[in-house]
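This is query-v2.cif (mmCIF, C-alpha atoms).
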data_start
loop_
_atom_site.label_atom_id
_atom_site.label_comp_id
_atom_site.auth_asym_id
_atom_site.auth_seq_id
_atom_site.Cartn_x
_atom_site.Cartn_y
_atom_site.Cartn_z
CA ASN A 26 0.00 0.00 0.00
CA PRO A 27 2.51 2.61 -1.17
CA PRO A 28 1.81 6.32 -0.64
CA ALA A 29 0.55 8.37 -3.56
CA ASN A 30 3.21 11.05 -3.21
CA PHE A 31 6.76 10.88 -4.57
CA PRO A 32 9.14 9.51 -1.90
CA VAL A 33 10.96 12.04 0.25
CA LEU A 34 14.62 11.18 0.70
CA PRO A 35 15.60 10.47 4.31
CA LEU A 36 18.38 13.06 4.11
CA PRO A 37 18.83 16.21 1.99
CA VAL A 38 21.11 15.98 -1.03
CA ALA A 39 24.03 18.43 -1.18
CA ASN A 40 23.85 21.02 -3.93
CA ALA A 41 26.62 22.28 -6.20
CA SER A 42 26.72 25.26 -8.53
CA CYS A 43 27.27 24.87 -12.26
CA THR A 44 30.61 26.62 -11.86
CA ASN A 45 31.82 23.37 -10.26
CA THR A 46 31.23 21.42 -13.47
CA GLN A 47 34.04 19.29 -14.81
CA GLN A 48 33.48 20.36 -18.41
CA ALA A 49 34.54 23.73 -19.74
CA TYR A 50 31.70 25.97 -20.90
CA PHE A 51 30.87 25.39 -24.55
CA SER A 52 28.40 27.17 -26.83
CA THR A 53 27.95 27.05 -30.58
CA GLU A 54 25.30 27.93 -33.15
CA ARG A 55 24.38 26.97 -36.69
CA THR A 56 22.29 29.67 -38.39
CA GLY A 57 21.10 29.22 -41.95
CA GLY A 58 23.14 31.36 -44.37
CA VAL A 59 25.76 32.31 -41.76
CA ASN A 60 29.30 31.00 -42.33
CA GLY A 61 27.94 28.71 -44.99
CA ALA A 62 25.46 26.89 -42.75
CA VAL A 63 22.61 25.17 -44.58
CA ILE A 64 19.54 24.15 -42.60
CA PRO A 65 18.82 20.46 -43.30
CA ALA A 66 15.64 19.98 -45.29
CA ASN A 67 14.07 17.53 -42.83
CA ILE A 68 15.22 19.14 -39.58
CA ASN A 69 12.74 19.49 -36.71
CA THR A 70 11.62 22.93 -35.56
CA ASN A 71 10.72 24.49 -32.21
CA GLN A 72 12.48 21.69 -30.40
CA ARG A 73 14.56 21.53 -27.24
CA ILE A 74 16.35 18.51 -25.78
CA TYR A 75 18.16 18.38 -22.45
CA ILE A 76 20.69 15.55 -22.47
CA ILE A 77 22.05 14.12 -19.24
CA ARG A 78 24.33 11.26 -18.36
CA HIS A 79 23.07 8.32 -16.35
CA ALA A 80 23.53 8.43 -12.57
CA GLU A 81 26.59 7.19 -10.71
CA ALA A 82 27.88 3.78 -11.78
CA HIS A 83 30.48 1.38 -10.44
CA PRO A 84 33.76 3.37 -10.23
CA ASP A 85 36.13 0.57 -11.27
CA PRO A 86 38.41 2.31 -13.85
CA GLY A 87 39.47 -0.97 -15.42
CA ASN A 88 35.91 -2.09 -16.20
CA ARG A 89 36.64 -5.39 -14.48
CA PHE A 90 33.18 -5.26 -12.97
CA GLU A 91 30.01 -4.22 -14.75
CA ASP A 92 26.36 -4.96 -14.12
CA GLY A 93 24.79 -2.15 -16.18
CA ASN A 94 23.22 -0.71 -13.04
CA ILE A 95 23.66 2.37 -10.86
CA VAL A 96 25.31 2.28 -7.43
CA GLY A 97 23.99 3.57 -4.10
CA ALA A 98 25.10 7.17 -4.73
CA GLY A 99 23.36 7.03 -8.08
CA GLN A 100 20.08 6.09 -6.47
CA TRP A 101 20.26 9.21 -4.32
CA ARG A 102 20.82 11.24 -7.50
CA THR A 103 17.93 9.68 -9.40
CA LEU A 104 15.46 10.19 -6.56
CA ASP A 105 16.58 13.79 -6.06
CA LEU A 106 16.53 14.63 -9.77
CA PRO A 107 12.93 15.96 -9.73
CA ASN A 108 13.96 18.39 -6.98
CA ALA A 109 17.29 19.32 -8.55
CA LEU A 110 15.79 20.13 -11.96
CA ARG A 111 12.72 21.97 -10.68
CA GLY A 112 12.69 25.47 -12.17
CA LYS A 113 15.59 24.67 -14.52
CA ILE A 114 13.83 22.68 -17.24
CA SER A 115 10.22 21.94 -18.22
CA PRO A 116 10.14 18.94 -20.57
CA ASN A 117 6.86 17.46 -21.75
CA MET A 118 8.32 13.98 -22.29
CA VAL A 119 11.21 11.82 -21.09
CA TYR A 120 13.39 9.41 -23.08
CA SER A 121 16.23 6.99 -22.41
CA ILE A 122 18.03 4.06 -23.97
CA ASP A 123 16.01 0.86 -24.04
CA PRO A 124 17.89 -1.43 -21.61
CA ALA A 125 16.61 -4.52 -23.40
CA GLN A 126 18.52 -3.85 -26.62
CA TRP A 127 22.04 -3.09 -25.39
CA TYR A 128 24.21 -5.79 -23.87
CA PHE A 129 27.88 -5.54 -23.02
CA THR A 130 30.05 -8.24 -24.51
CA GLY A 131 33.43 -9.66 -23.64
CA TYR A 132 33.92 -10.00 -19.91
CA PHE A 133 30.27 -9.38 -19.12
CA ASN A 134 26.84 -9.64 -20.69
CA VAL A 135 24.28 -7.42 -18.96
CA SER A 136 21.26 -5.26 -19.60
CA TYR A 137 22.20 -1.57 -19.60
CA VAL A 138 19.59 -0.16 -17.23
CA ARG A 139 21.42 2.92 -15.92
CA PRO A 140 19.94 5.61 -18.19
CA SER A 141 16.38 4.37 -17.77
CA LEU A 142 16.71 4.14 -13.97
CA THR A 143 18.11 7.69 -13.94
CA VAL A 144 15.16 9.50 -15.50
CA LEU A 145 12.22 7.25 -14.66
CA PRO A 146 11.83 8.88 -11.19
CA TYR A 147 11.72 12.31 -12.87
CA ALA A 148 8.98 11.13 -15.24
CA ILE A 149 6.98 9.65 -12.35
CA ALA A 150 7.33 12.72 -10.12
CA ASN A 151 6.20 15.03 -12.92
CA ASN A 152 3.58 12.71 -14.43
CA LEU A 153 5.28 12.80 -17.84
CA PRO A 154 5.16 10.25 -20.65
CA TYR A 155 8.28 8.08 -20.68
CA TYR A 156 9.70 6.33 -23.75
CA LEU A 157 12.57 3.99 -24.61
CA VAL A 158 14.72 4.28 -27.74
CA SER A 159 14.86 0.82 -29.30
CA SER A 160 14.86 1.36 -33.07
CA PHE A 161 18.67 1.17 -33.37
CA SER A 162 21.51 -0.44 -31.45
CA MET A 163 23.77 1.66 -29.28
CA LEU A 164 26.62 -0.57 -30.45
CA ASP A 165 26.06 0.27 -34.13
CA PRO A 166 29.18 2.02 -35.54
CA ASN A 167 26.83 4.59 -37.08
CA GLU A 168 24.96 5.13 -33.81
CA PRO A 169 25.68 8.92 -33.54
CA GLN A 170 24.08 9.57 -36.93
CA LEU A 171 21.20 7.19 -36.24
CA ALA A 172 20.54 8.94 -32.93
CA SER A 173 20.75 12.38 -34.53
CA ASP A 174 18.31 11.35 -37.25
CA PHE A 175 15.95 9.86 -34.68
CA PHE A 176 15.81 12.87 -32.37
CA PHE A 177 16.27 15.81 -34.72
CA THR A 178 14.68 14.94 -38.07
CA GLY A 179 11.34 13.71 -39.34
CA GLY A 180 9.11 15.97 -37.26
CA ILE A 181 8.29 13.59 -34.40
CA PHE A 182 9.90 15.94 -31.90
CA THR A 183 8.88 19.22 -33.54
CA ASN A 184 7.31 21.50 -30.91
CA GLN A 185 8.51 19.18 -28.14
CA THR A 186 10.79 19.57 -25.11
CA VAL A 187 12.55 16.38 -24.11
CA LEU A 188 14.66 15.19 -21.19
CA LEU A 189 16.99 12.49 -22.52
CA ALA A 190 19.25 10.18 -20.49
CA TRP A 191 22.07 8.79 -22.62
CA GLU A 192 25.42 7.05 -22.32
CA SER A 193 28.22 9.55 -21.63
CA SER A 194 30.64 8.50 -24.37
CA ARG A 195 27.85 8.82 -26.94
CA ILE A 196 26.37 12.18 -25.94
CA LYS A 197 28.87 14.43 -27.70
CA PRO A 198 29.15 12.26 -30.84
CA LEU A 199 25.35 12.51 -31.09
CA ILE A 200 25.50 16.31 -30.89
CA ASN A 201 28.42 16.45 -33.34
CA ALA A 202 26.47 14.42 -35.88
CA LEU A 203 23.69 17.01 -35.64
CA LEU A 204 26.17 19.90 -35.97
CA ASN A 205 27.76 18.27 -39.02
CA SER A 206 24.38 18.03 -40.73
CA TYR A 207 24.46 21.83 -41.14
CA GLY A 208 27.45 21.51 -43.47
CA ILE A 209 30.01 23.77 -41.74
CA SER A 210 33.58 22.60 -41.31
CA SER A 211 34.96 25.87 -39.90
CA GLN A 212 32.82 25.99 -36.73
CA PRO A 213 33.72 24.10 -33.54
CA LEU A 214 32.57 20.59 -32.69
CA LEU A 215 32.46 19.15 -29.21
CA PRO A 216 35.52 17.36 -27.82
CA THR A 217 34.11 13.87 -27.47
CA ALA A 218 35.69 12.90 -24.12
CA TRP A 219 33.44 12.96 -21.05
CA PRO A 220 35.10 13.15 -17.60
CA SER A 221 34.49 9.83 -15.87
CA THR A 222 33.37 11.44 -12.60
CA ASP A 223 31.04 14.02 -14.18
CA TYR A 224 27.41 13.05 -13.67
CA ASP A 225 26.11 16.61 -13.40
CA THR A 226 26.54 18.42 -16.74
CA ILE A 227 23.45 19.04 -18.90
CA TRP A 228 23.76 19.63 -22.65
CA THR A 229 20.96 21.73 -24.16
CA VAL A 230 20.13 21.45 -27.87
CA GLU A 231 17.65 23.95 -29.29
CA ILE A 232 16.25 24.25 -32.81
CA ASP A 233 14.14 27.33 -33.51
CA ALA A 234 11.15 27.85 -35.82
CA GLN A 235 13.42 28.32 -38.85
CA GLY A 236 15.61 25.30 -38.08
CA ASN A 237 18.56 27.27 -36.69
CA LEU A 238 20.54 25.35 -34.08
CA ALA A 239 22.06 26.32 -30.73
CA VAL A 240 24.00 24.02 -28.37
CA ASP A 241 25.50 24.71 -24.94
CA ASN A 242 26.27 23.14 -21.57
CA ALA A 243 25.33 26.10 -19.37
CA LEU A 244 23.00 24.03 -17.17
CA CYS A 245 23.80 21.39 -14.60
CA GLU A 246 21.78 19.19 -12.28
CA GLY A 247 23.37 20.90 -9.30
CA ILE A 248 23.95 17.74 -7.28
CA ASP A 249 27.31 17.39 -5.53
CA SER A 250 28.56 13.92 -6.48
CA THR A 251 31.30 13.97 -3.85
CA LYS A 252 28.76 14.28 -1.02
CA LEU A 253 26.26 11.63 -2.09
CA PRO A 254 26.03 8.77 0.43
CA VAL A 255 27.62 5.51 -0.65
CA MET A 256 24.78 3.36 0.65
CA THR A 257 21.32 3.44 -0.90
CA PRO A 258 18.68 5.55 0.86
CA GLN A 259 16.77 3.73 3.59
CA PHE A 260 13.07 4.59 3.70
#
Show how you would write the structure in this file as structure tokens.
Amino acid sequence: NPPANFPVLPLPVANASCTNTQQAYFSTERTGGVNGAVIPANINTNQRIYIIRHAEAHPDPGNRFEDGNIVGAGQWRTLDLPNALRGKISPNMVYSIDPAQWYFTGYFNVSYVRPSLTVLPYAIANNLPYYLVSSFSMLDPNEPQLASDFFFTGGIFTNQTVLLAWESSRIKPLINALLNSYGISSQPLLPTAWPSTDYDTIWTVEIDAQGNLAVDNALCEGIDSTKLPVMTPQF
């Protein structure tokens, strides 16, 4: 007989300002007719996507252990995410990777549930529709372009604001694929590396009514990773 309200964490979560982010501030634009930019013919319009990394995972740097899940600190982050993002973003839908279609190979073979576990509490707390991306494999060599086509072309996400949880090493390649679709080689792309301990940075992608593009990482979740409890919250 669970309560109807969203669970209140047993302890407050420590906040951090966006100036504490581990990624240098980055902002770029692609405007039709400026510096040779050409707006793609099938680009979405009036769209905004906030892209976040999954919550804290096992810290083993050698990847000798992997279960596709979050750790205790990550559960604190996921359950506090509705509070942390209140007033910062206002999505009308939530997306993540489908955990059923991505399995690690080699030393381990697991379902990759981290992104979905990260944003599902936000969707529940805000009564938002929640969807899984399953139409392409995250292990496909052409995944950045497939993801860019899925989220930014075809009109499905026109006039929509989306919160998207993605895998960190694939966030910037996804954005770069979108930037490249505007046909400019002289403007900056994102450095693809993502700091392993950065779970806080938010990348914002906006496409206006004409199809002009703006990308930046000015926002953050504002959760201090270093102060999250190691053990899961006890209710």
Selection result of the PyMOL selection byres ((chain A and resi 169-175) around 7) on this file, as a list in words: Asn167, Glu168, Phe176, Phe177, Thr178, Arg195, Pro198, Leu199, Ala202 and Leu203 of chain A
Atom CA of A:Leu253 and atom CA of A:Cys43, how far apart in Å? 16.7 Å
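Of the residues listed (A:Arg78, A:Ser210, A:Ser159, A:Leu244), A:Arg78 shows the shortest atom-to-atom separation from A:Ser193; distances use all atoms listed in the file.
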At a cut-off of 9 Å, can you tabulate as JSON lines every residue of stretch 110-219 of chain A near stretch 53-71 of chain A together with its closest atom pair and the distance in Å to one decimal, using all atoms listed in the file and ordering rows by chain then number?
{"residue": "A:Asp174", "atom": "CA", "partner": "A:Ile68", "partner_atom": "CA", "distance": 8.7}
{"residue": "A:Phe176", "atom": "CA", "partner": "A:Asn69", "partner_atom": "CA", "distance": 8.5}
{"residue": "A:Phe177", "atom": "CA", "partner": "A:Asn69", "partner_atom": "CA", "distance": 5.5}
{"residue": "A:Thr178", "atom": "CA", "partner": "A:Ile68", "partner_atom": "CA", "distance": 4.5}
{"residue": "A:Gly179", "atom": "CA", "partner": "A:Asn67", "partner_atom": "CA", "distance": 5.9}
{"residue": "A:Gly180", "atom": "CA", "partner": "A:Asn69", "partner_atom": "CA", "distance": 5.1}
{"residue": "A:Ile181", "atom": "CA", "partner": "A:Asn69", "partner_atom": "CA", "distance": 7.7}
{"residue": "A:Phe182", "atom": "CA", "partner": "A:Asn69", "partner_atom": "CA", "distance": 6.6}
{"residue": "A:Thr183", "atom": "CA", "partner": "A:Asn69", "partner_atom": "CA", "distance": 5.0}
{"residue": "A:Asn184", "atom": "CA", "partner": "A:Asn71", "partner_atom": "CA", "distance": 4.7}
{"residue": "A:Gln185", "atom": "CA", "partner": "A:Asn71", "partner_atom": "CA", "distance": 7.0}
{"residue": "A:Thr186", "atom": "CA", "partner": "A:Asn71", "partner_atom": "CA", "distance": 8.6}
{"residue": "A:Leu204", "atom": "CA", "partner": "A:Arg55", "partner_atom": "CA", "distance": 7.3}
{"residue": "A:Ser206", "atom": "CA", "partner": "A:Pro65", "partner_atom": "CA", "distance": 6.6}
{"residue": "A:Tyr207", "atom": "CA", "partner": "A:Val63", "partner_atom": "CA", "distance": 5.1}
{"residue": "A:Gly208", "atom": "CA", "partner": "A:Ala62", "partner_atom": "CA", "distance": 5.8}
{"residue": "A:Ile209", "atom": "CA", "partner": "A:Ala62", "partner_atom": "CA", "distance": 5.6}
{"residue": "A:Ser211", "atom": "CA", "partner": "A:Asn60", "partner_atom": "CA", "distance": 8.0}
{"residue": "A:Gln212", "atom": "CA", "partner": "A:Thr53", "partner_atom": "CA", "distance": 7.9}
{"residue": "A:Pro213", "atom": "CA", "partner": "A:Thr53", "partner_atom": "CA", "distance": 7.1}
{"residue": "A:Leu214", "atom": "CA", "partner": "A:Thr53", "partner_atom": "CA", "distance": 8.2}
Applying the PyMOL selection byres ((chain A and resi 243) around 12) to the file I just gave you, which residues come out? Please list them as a list in words. Ser42, Cys43, Thr44, Asn45, Thr46, Gln47, Gln48, Ala49, Tyr50, Phe51, Ser52, Thr53, Tyr75, Ile76, Lys113, Asp225, Thr226, Ile227, Trp228, Thr229, Val230, Ala239, Val240, Asp241, Asn242, Leu244, Cys245, Glu246 and Gly247 of chain A
Given the file shown, determine the residues that the PyMOL selection byres ((chain A and resi 81) around 12) selects; report them as a PyMOL selection string. chain A and resi 77-80+82-85+93-103+139-140+142-143+192-193+221-225+248-251+253-255+257
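What separates atom CA of A:Val38 from atom CA of A:Leu153 is a distance of 23.3 Å.
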